[in-house]
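Trainee: data-v3.cif is reproduced below (mmCIF, C-alpha atoms).
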data_my_file
#
loop_
_atom_site.label_atom_id
_atom_site.label_comp_id
_atom_site.auth_asym_id
_atom_site.auth_seq_id
_atom_site.Cartn_x
_atom_site.Cartn_y
_atom_site.Cartn_z
CA MET A 16 -33.51 -27.57 45.32
CA THR A 17 -32.00 -29.67 42.52
CA HIS A 18 -30.19 -28.99 39.28
CA THR A 19 -29.27 -31.15 36.34
CA ILE A 20 -28.28 -31.11 32.67
CA ARG A 21 -30.67 -32.92 30.38
CA LEU A 22 -31.71 -33.19 26.76
CA ALA A 23 -34.08 -30.39 25.77
CA LEU A 24 -37.76 -31.18 25.23
CA GLU A 25 -40.25 -29.39 23.03
CA ASP A 26 -41.94 -28.33 26.28
CA ASP A 27 -38.82 -26.25 27.01
CA ALA A 28 -39.52 -24.05 23.98
CA ALA A 29 -41.08 -21.18 25.95
CA ALA A 30 -38.15 -21.00 28.36
CA VAL A 31 -35.60 -21.24 25.56
CA ALA A 32 -37.42 -18.54 23.59
CA GLY A 33 -37.38 -16.32 26.67
CA ILE A 34 -33.60 -16.60 26.92
CA TYR A 35 -32.87 -16.34 23.21
CA GLY A 36 -35.34 -13.65 22.15
CA PRO A 37 -33.50 -10.63 23.59
CA PHE A 38 -30.30 -11.67 21.80
CA CYS A 39 -32.21 -11.42 18.52
CA GLU A 40 -34.11 -8.22 19.23
CA SER A 41 -31.56 -6.11 21.11
CA THR A 42 -28.08 -7.35 20.19
CA ALA A 43 -25.94 -8.64 17.33
CA VAL A 44 -24.99 -11.77 19.29
CA SER A 45 -27.52 -13.57 17.07
CA PHE A 46 -27.81 -12.57 13.43
CA GLU A 47 -31.53 -13.31 13.41
CA TYR A 48 -33.44 -10.04 13.06
CA ALA A 49 -36.61 -11.20 14.84
CA ALA A 50 -37.02 -13.54 17.79
CA PRO A 51 -38.40 -16.92 16.66
CA SER A 52 -41.76 -18.00 18.00
CA MET A 53 -42.20 -20.66 20.64
CA GLU A 54 -43.51 -22.98 17.92
CA GLU A 55 -40.39 -22.41 15.82
CA ILE A 56 -38.13 -23.08 18.81
CA ALA A 57 -40.01 -26.33 19.49
CA ASN A 58 -39.47 -27.35 15.88
CA ARG A 59 -35.76 -26.55 16.13
CA ILE A 60 -35.41 -28.63 19.28
CA ARG A 61 -37.16 -31.55 17.61
CA THR A 62 -35.02 -31.28 14.48
CA VAL A 63 -31.68 -30.86 16.25
CA THR A 64 -32.16 -33.62 18.82
CA ALA A 65 -32.83 -36.16 16.07
CA GLN A 66 -29.01 -36.27 15.78
CA PHE A 67 -27.24 -33.71 17.98
CA PRO A 68 -27.29 -32.68 21.64
CA TRP A 69 -29.53 -29.76 22.62
CA LEU A 70 -29.02 -29.50 26.34
CA VAL A 71 -30.66 -27.42 29.03
CA LEU A 72 -29.34 -26.70 32.49
CA ASP A 73 -32.38 -27.19 34.72
CA ASP A 74 -32.02 -25.39 38.07
CA SER A 75 -34.91 -26.38 40.33
CA GLY A 76 -37.31 -26.60 37.39
CA VAL A 77 -36.08 -23.40 35.71
CA VAL A 78 -34.14 -23.46 32.45
CA ALA A 79 -31.05 -21.48 33.45
CA ALA A 80 -29.18 -21.94 30.16
CA TYR A 81 -29.06 -24.06 27.05
CA ALA A 82 -26.52 -25.20 24.47
CA TYR A 83 -26.80 -27.09 21.24
CA ALA A 84 -24.78 -28.52 18.35
CA THR A 85 -25.60 -28.63 14.65
CA GLY A 86 -23.81 -29.85 11.55
CA HIS A 87 -20.90 -27.63 10.53
CA ARG A 88 -21.58 -27.79 6.79
CA GLU A 89 -23.70 -29.93 4.45
CA ARG A 90 -20.99 -31.68 2.42
CA ALA A 91 -20.31 -35.28 3.46
CA ALA A 92 -16.68 -34.73 4.45
CA TYR A 93 -17.78 -32.28 7.16
CA GLY A 94 -19.81 -35.03 8.82
CA TRP A 95 -17.51 -35.32 11.84
CA SER A 96 -17.59 -31.59 12.70
CA VAL A 97 -20.24 -29.52 14.46
CA ASP A 98 -21.09 -25.91 15.23
CA VAL A 99 -22.02 -25.15 18.84
CA ALA A 100 -23.64 -22.29 20.74
CA VAL A 101 -24.61 -21.57 24.34
CA TYR A 102 -27.04 -19.03 25.83
CA VAL A 103 -27.48 -18.21 29.53
CA SER A 104 -30.37 -16.52 31.31
CA PRO A 105 -29.34 -13.10 32.73
CA VAL A 106 -30.13 -14.15 36.31
CA HIS A 107 -27.95 -17.26 36.00
CA ARG A 108 -24.82 -15.69 34.54
CA ARG A 109 -21.46 -15.87 36.33
CA ARG A 110 -22.38 -19.23 37.85
CA GLY A 111 -20.52 -21.48 35.43
CA ALA A 112 -23.61 -22.45 33.43
CA GLY A 113 -21.93 -22.06 30.04
CA ARG A 114 -18.90 -24.07 31.05
CA ALA A 115 -21.09 -26.74 32.61
CA LEU A 116 -23.13 -27.18 29.42
CA TYR A 117 -20.11 -27.20 27.13
CA THR A 118 -18.32 -29.74 29.33
CA THR A 119 -21.28 -32.11 29.15
CA MET A 120 -21.85 -31.47 25.46
CA PHE A 121 -18.24 -32.12 24.45
CA HIS A 122 -18.24 -35.40 26.36
CA LEU A 123 -21.40 -36.49 24.52
CA LEU A 124 -20.09 -35.36 21.14
CA ARG A 125 -16.96 -37.44 21.65
CA LEU A 126 -19.06 -40.48 22.47
CA GLN A 127 -21.16 -39.86 19.36
CA GLY A 128 -18.05 -39.85 17.21
CA TYR A 129 -17.46 -36.16 16.45
CA PHE A 130 -13.93 -34.80 16.20
CA LYS A 131 -14.12 -30.99 15.90
CA ALA A 132 -16.43 -28.24 17.15
CA TYR A 133 -16.65 -24.64 15.95
CA ALA A 134 -18.21 -21.49 17.41
CA GLY A 135 -18.84 -18.12 15.78
CA ILE A 136 -18.75 -15.05 18.05
CA THR A 137 -19.94 -11.63 16.94
CA LEU A 138 -17.32 -9.04 17.91
CA PRO A 139 -16.84 -7.46 20.35
CA ASN A 140 -17.91 -9.96 23.00
CA ASN A 141 -15.26 -10.41 25.67
CA GLY A 142 -17.50 -12.54 27.88
CA SER A 143 -18.16 -15.12 25.18
CA ILE A 144 -14.53 -15.12 24.06
CA GLY A 145 -13.45 -15.68 27.65
CA LEU A 146 -15.80 -18.65 28.05
CA HIS A 147 -14.78 -20.29 24.79
CA GLU A 148 -11.08 -19.88 25.43
CA ALA A 149 -11.50 -21.18 28.98
CA VAL A 150 -13.01 -24.46 27.72
CA GLY A 151 -10.29 -24.94 25.11
CA PHE A 152 -11.31 -23.13 21.93
CA THR A 153 -8.65 -21.36 19.85
CA LEU A 154 -9.15 -18.60 17.29
CA VAL A 155 -8.88 -19.74 13.68
CA GLY A 156 -9.97 -16.57 11.87
CA VAL A 157 -12.25 -13.53 11.65
CA TYR A 158 -14.90 -12.86 9.01
CA ARG A 159 -14.70 -9.09 8.53
CA GLY A 160 -17.98 -7.23 8.12
CA VAL A 161 -19.86 -10.44 7.43
CA GLY A 162 -23.17 -9.48 9.04
CA TYR A 163 -25.33 -6.34 8.91
CA LYS A 164 -27.65 -5.70 11.83
CA HIS A 165 -28.95 -2.63 13.69
CA GLY A 166 -27.34 -0.37 11.10
CA VAL A 167 -23.80 -1.71 11.62
CA TRP A 168 -21.54 -4.19 9.82
CA HIS A 169 -20.27 -6.83 12.25
CA ASP A 170 -17.18 -9.03 12.36
CA VAL A 171 -17.47 -12.65 13.47
CA ALA A 172 -14.57 -14.52 15.08
CA TRP A 173 -14.47 -18.27 14.51
CA TYR A 174 -13.10 -20.58 17.16
CA GLN A 175 -12.26 -24.29 17.01
CA ILE A 176 -11.75 -27.07 19.55
CA ALA A 177 -10.50 -30.58 18.88
CA LEU A 178 -12.82 -32.98 20.69
CA LYS A 179 -10.49 -35.94 20.14
CA SER A 180 -7.52 -36.94 18.01
CA GLU A 181 -8.06 -37.49 14.31
CA ARG A 182 -7.89 -41.03 12.97
CA LEU A 183 -8.40 -42.68 9.61
CA ASN A 184 -11.66 -44.31 8.55
CA PRO A 185 -13.84 -42.96 11.39
CA ASP A 186 -17.24 -44.51 11.89
CA PRO A 187 -20.25 -42.27 11.16
CA PRO A 188 -21.38 -40.39 14.26
CA VAL A 189 -24.33 -41.96 16.08
CA PRO A 190 -27.47 -40.03 17.11
CA VAL A 191 -27.42 -38.54 20.58
CA SER A 192 -30.41 -40.73 21.46
CA ALA A 193 -28.09 -43.75 21.28
CA LEU A 194 -26.40 -42.50 24.46
CA ALA A 195 -29.58 -42.03 26.51
CA GLU A 196 -29.42 -43.61 29.96
CA SER A 197 -25.89 -44.90 29.28
CA PRO A 198 -23.01 -44.67 31.79
CA GLY A 199 -21.37 -42.25 29.36
CA TRP A 200 -24.36 -39.93 29.57
CA ALA A 201 -24.33 -39.97 33.37
CA GLU A 202 -20.59 -39.26 33.40
CA ALA A 203 -21.01 -36.37 30.97
CA VAL A 204 -23.68 -34.77 33.16
CA SER A 205 -21.63 -35.29 36.31
CA GLN A 206 -18.58 -33.63 34.75
CA GLY A 207 -20.61 -30.66 33.60
CA LEU A 208 -22.44 -30.07 36.86
CA GLY A 209 -19.11 -29.89 38.65
CA HIS A 210 -18.66 -26.44 37.08
CA TYR A 211 -22.06 -25.02 38.03
CA ARG A 212 -22.96 -23.01 41.11
CA PRO A 213 -26.75 -23.22 41.58
CA ALA A 214 -28.97 -20.26 42.30
CA THR A 215 -28.76 -20.87 46.04
CA ALA A 216 -25.02 -20.14 45.90
CA SER A 217 -23.44 -16.72 45.64
CA PRO A 218 -22.23 -15.78 42.13
CA SER A 219 -18.49 -15.38 41.60
CA GLU A 220 -16.95 -11.94 41.68
#
Kindly present the structure from the file in structure tokens form.
Mentor:
Amino acid sequence: MTHTIRLALEDDAAAVAGIYGPFCESTAVSFEYAAPSMEEIANRIRTVTAQFPWLVLDDSGVVAAYAYATGHRERAAYGWSVDVAVYVSPVHRRRGAGRALYTTMFHLLRLQGYFKAYAGITLPNNGSIGLHEAVGFTLVGVYRGVGYKHGVWHDVAWYQIALKSERLNPDPPVPVSALAESPGWAEAVSQGLGHYRPATASPSE
């Protein structure tokens, strides 16, 4: 039985769709009304990984969780900031999967040259807030009644984490592919996996 954190492939689309779909159909965690198709997920993976990390936690060949980063906004001055999100399969929750993926992702984002990461959390969601605060995010504000889904107006809390100290004249961030098979990539994965308890272990109380 083995587990690792790796860059997502288009072949992971079915597994990713299986994790993400219920968040679209049954909750307000995602503001998408309908679950995207496997083909759409494959396209998103292809598009995102051209520049940013989209990571999966592979537990003995099963995608236990995934996390990805995207550009924070389109204007050029936002080019060193990203938005991030993480989703965990129900049977792999409470095993540190989210923390493992974020730990690896933040290490990679630093190496790429990003400085800030942001996460939006539909309220209430104590589990997600707990995870984000545990890995270093702080609350920067709440958008009140910003989304309408399932007949309810929803607030979204926005959290921020500084990936590294600001400096003048930063170089443009490099694509995540530039880090493939590098010592930095291996170190990022090692740091992340240190937080994960595989399916053969007992979940935390």
Trainee: Check what the PyMOL selection byres ((chain A and resi 35-40) around 10) selects in the file above and give those residues as a list in words.
Mentor: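 Residues picked by the PyMOL selection byres ((chain A and resi 35-40) around 10): Ala29, Ala30, Val31, Ala32, Gly33, Ile34, Ser41, Thr42, Ala43, Val44, Ser45, Phe46, Glu47, Tyr48, Ala49, Ala50, Pro51, Ser52, Met53, Ile56, Ala80, Tyr81, Val101, Tyr102, Val103, Ser104, Lys164 and His165 of chain A.
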Trainee: Output the residue selection produced by the PyMOL selection byres ((chain A and resi 199) around 12) on the file above, formatted as a CSV table (one decimal) with C-alpha atoms, keeping the file's coordinate frame.
Mentor:
chain,number,residue,atom,x,y,z
A,119,THR,CA,-21.3,-32.1,29.2
A,120,MET,CA,-21.8,-31.5,25.5
A,121,PHE,CA,-18.2,-32.1,24.4
A,122,HIS,CA,-18.2,-35.4,26.4
A,123,LEU,CA,-21.4,-36.5,24.5
A,124,LEU,CA,-20.1,-35.4,21.1
A,125,ARG,CA,-17.0,-37.4,21.6
A,126,LEU,CA,-19.1,-40.5,22.5
A,127,GLN,CA,-21.2,-39.9,19.4
A,191,VAL,CA,-27.4,-38.5,20.6
A,193,ALA,CA,-28.1,-43.8,21.3
A,194,LEU,CA,-26.4,-42.5,24.5
A,195,ALA,CA,-29.6,-42.0,26.5
A,196,GLU,CA,-29.4,-43.6,30.0
A,197,SER,CA,-25.9,-44.9,29.3
A,198,PRO,CA,-23.0,-44.7,31.8
A,200,TRP,CA,-24.4,-39.9,29.6
A,201,ALA,CA,-24.3,-40.0,33.4
A,202,GLU,CA,-20.6,-39.3,33.4
A,203,ALA,CA,-21.0,-36.4,31.0
A,204,VAL,CA,-23.7,-34.8,33.2
A,205,SER,CA,-21.6,-35.3,36.3
A,206,GLN,CA,-18.6,-33.6,34.8
Trainee: Which neighbours of Gly135 in chain A fall inside 10 Å, counting all atoms listed in the file, when residues of the same chain fewer than 5 positions from it are skipped, and could you give them as a list in words?
Mentor: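 Those residues are Val44, Ser45, Asp98, Val99, Ala100, Ser143, Ile144, Leu154, Gly156, Val157, Tyr158, Asp170, Val171, Ala172, Trp173, Tyr174 and Gln175 of chain A.
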Trainee: Which residues, written as a VMD selection string, have at least one atom at most 8 Å from Phe130 in chain A, with all atoms listed in the file counted and residues fewer than 5 positions away on the same chain left out?
Mentor: chain A and resid 95 to 96 124 to 125 177 to 181
Trainee: Restricting the calculation to only C-alpha atoms: of A:His169, A:Ile20, A:Thr118, A:Arg109, which residue gets closest to Leu138 in chain A?
Mentor: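 Result for the nearest residue to Leu138 in chain A: A:His169.
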Trainee: Which one is closest to Ser192 in chain A: A:Asn58, A:Ala28, A:Val63, A:Gly113? Count only C-alpha atoms.
Mentor: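 Between A:Asn58, A:Ala28, A:Val63, A:Gly113, the residue approaching Ser192 in chain A most closely is A:Val63.
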Trainee: Quick one, how far is CA of Asn184 in chain A from CA of Tyr133 in chain A?
Mentor: 21.6 Å
Trainee: If you measure from CA of Arg88 in chain A to CA of Arg159 in chain A, what distance in Å do you get, rounded to one decimal?
Mentor: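 CA of Arg88 in chain A sits 20.0 Å away from CA of Arg159 in chain A.
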Trainee: So how far away is CA of Trp69 in chain A from CA of Ala82 in chain A, in Å?
Mentor: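 Between these atoms lies a distance of 5.8 Å.
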Trainee: Could you spell out the hits of the PyMOL selection byres ((chain A and resi 107) around 12) on the shown file, as a ChimeraX atom specification?
Mentor: /A:34,72-74,77-81,102-106,108-113,211-219
Trainee: Hey, what's within 7 Å of Gly128 in chain A if we count only C-alpha atoms and toss same-chain stuff fewer than 5 positions away? As a PDB file with C-alpha atoms, keeping the file's coordinate frame, please?
Mentor:
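Writing the result to part_4.pdb gives the following:
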ATOM      1  CA  PRO A 187     -20.250 -42.270  11.160  1.00  0.00           C
ATOM      2  CA  PRO A 188     -21.380 -40.390  14.260  1.00  0.00           C
ATOM      3  CA  VAL A 189     -24.330 -41.960  16.080  1.00  0.00           C
TER       4      VAL A 189
END
Trainee: Calculated over all atoms listed in the file, which of the candidates A:Val155, A:Ala23, A:Ala92, A:Leu208 has the smallest distance to Val71 in chain A?
Mentor: A:Ala23
Trainee: With distances taken over only C-alpha atoms, which of A:Leu146, A:Leu183, A:Thr137, A:Glu89 is nearest to Tyr163 in chain A?
Mentor: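 Of the candidates, the smallest distance to Tyr163 in chain A is held by A:Thr137.
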Trainee: Would you mind listing what lies within 7 Å of Pro190 in chain A as a PyMOL selection string, with all atoms listed in the file counted and same-chain residues fewer than 6 positions away left out?
Mentor: chain A and resi 65-67+127
Trainee: Which one of A:Ala57, A:Ala134, A:Arg90, A:Pro68 sits closest to Glu25 in chain A if you count all atoms listed in the file?
Mentor: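 Using all atoms listed in the file, Glu25 in chain A sits closest to A:Ala57.
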Trainee: Would you fill the gaps in range 85-104 of chain A so it has N, CA and C atoms, then print it as an mmCIF file, in the coordinates of the input?
Mentor:
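Okay, rebuild-v5.cif is ready:
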data_model
loop_
_atom_site.group_PDB
_atom_site.id
_atom_site.type_symbol
_atom_site.label_atom_id
_atom_site.label_comp_id
_atom_site.auth_asym_id
_atom_site.auth_seq_id
_atom_site.Cartn_x
_atom_site.Cartn_y
_atom_site.Cartn_z
ATOM 1 N N THR A 85 -25.013 -28.355 15.958
ATOM 2 C CA THR A 85 -25.600 -28.630 14.650
ATOM 3 C C THR A 85 -24.477 -29.002 13.699
ATOM 4 N N GLY A 86 -24.822 -29.520 12.534
ATOM 5 C CA GLY A 86 -23.810 -29.850 11.550
ATOM 6 C C GLY A 86 -23.041 -28.621 11.103
ATOM 7 N N HIS A 87 -21.736 -28.780 10.900
ATOM 8 C CA HIS A 87 -20.900 -27.630 10.530
ATOM 9 C C HIS A 87 -21.176 -27.165 9.108
ATOM 10 N N ARG A 88 -21.252 -28.076 8.178
ATOM 11 C CA ARG A 88 -21.580 -27.790 6.790
ATOM 12 C C ARG A 88 -22.302 -29.013 6.211
ATOM 13 N N GLU A 89 -22.883 -28.865 5.017
ATOM 14 C CA GLU A 89 -23.700 -29.930 4.450
ATOM 15 C C GLU A 89 -22.894 -31.018 3.765
ATOM 16 N N ARG A 90 -21.742 -30.701 3.175
ATOM 17 C CA ARG A 90 -20.990 -31.680 2.420
ATOM 18 C C ARG A 90 -20.568 -32.846 3.301
ATOM 19 N N ALA A 91 -20.519 -34.046 2.695
ATOM 20 C CA ALA A 91 -20.310 -35.280 3.460
ATOM 21 C C ALA A 91 -19.030 -35.273 4.283
ATOM 22 N N ALA A 92 -17.965 -34.687 3.747
ATOM 23 C CA ALA A 92 -16.680 -34.730 4.450
ATOM 24 C C ALA A 92 -16.679 -33.929 5.748
ATOM 25 N N TYR A 93 -17.653 -33.038 5.904
ATOM 26 C CA TYR A 93 -17.780 -32.280 7.160
ATOM 27 C C TYR A 93 -18.536 -33.055 8.233
ATOM 28 N N GLY A 94 -18.881 -34.294 7.958
ATOM 29 C CA GLY A 94 -19.810 -35.030 8.820
ATOM 30 C C GLY A 94 -19.330 -35.314 10.222
ATOM 31 N N TRP A 95 -18.051 -35.071 10.506
ATOM 32 C CA TRP A 95 -17.510 -35.320 11.840
ATOM 33 C C TRP A 95 -17.230 -34.011 12.593
ATOM 34 N N SER A 96 -17.770 -32.899 12.084
ATOM 35 C CA SER A 96 -17.590 -31.590 12.700
ATOM 36 C C SER A 96 -18.940 -30.965 13.008
ATOM 37 N N VAL A 97 -18.995 -30.164 14.055
ATOM 38 C CA VAL A 97 -20.240 -29.520 14.460
ATOM 39 C C VAL A 97 -19.997 -28.046 14.769
ATOM 40 N N ASP A 98 -21.062 -27.263 14.683
ATOM 41 C CA ASP A 98 -21.090 -25.910 15.230
ATOM 42 C C ASP A 98 -21.822 -25.962 16.566
ATOM 43 N N VAL A 99 -21.385 -25.153 17.520
ATOM 44 C CA VAL A 99 -22.020 -25.150 18.840
ATOM 45 C C VAL A 99 -22.318 -23.724 19.276
ATOM 46 N N ALA A 100 -23.276 -23.589 20.177
ATOM 47 C CA ALA A 100 -23.640 -22.290 20.740
ATOM 48 C C ALA A 100 -24.211 -22.516 22.131
ATOM 49 N N VAL A 101 -24.078 -21.501 22.979
ATOM 50 C CA VAL A 101 -24.610 -21.570 24.340
ATOM 51 C C VAL A 101 -25.216 -20.222 24.697
ATOM 52 N N TYR A 102 -26.344 -20.244 25.402
ATOM 53 C CA TYR A 102 -27.040 -19.030 25.830
ATOM 54 C C TYR A 102 -27.441 -19.207 27.295
ATOM 55 N N VAL A 103 -27.232 -18.153 28.084
ATOM 56 C CA VAL A 103 -27.480 -18.210 29.530
ATOM 57 C C VAL A 103 -28.470 -17.121 29.929
ATOM 58 N N SER A 104 -29.427 -17.487 30.764
ATOM 59 C CA SER A 104 -30.370 -16.520 31.310
ATOM 60 C C SER A 104 -29.628 -15.444 32.100
#
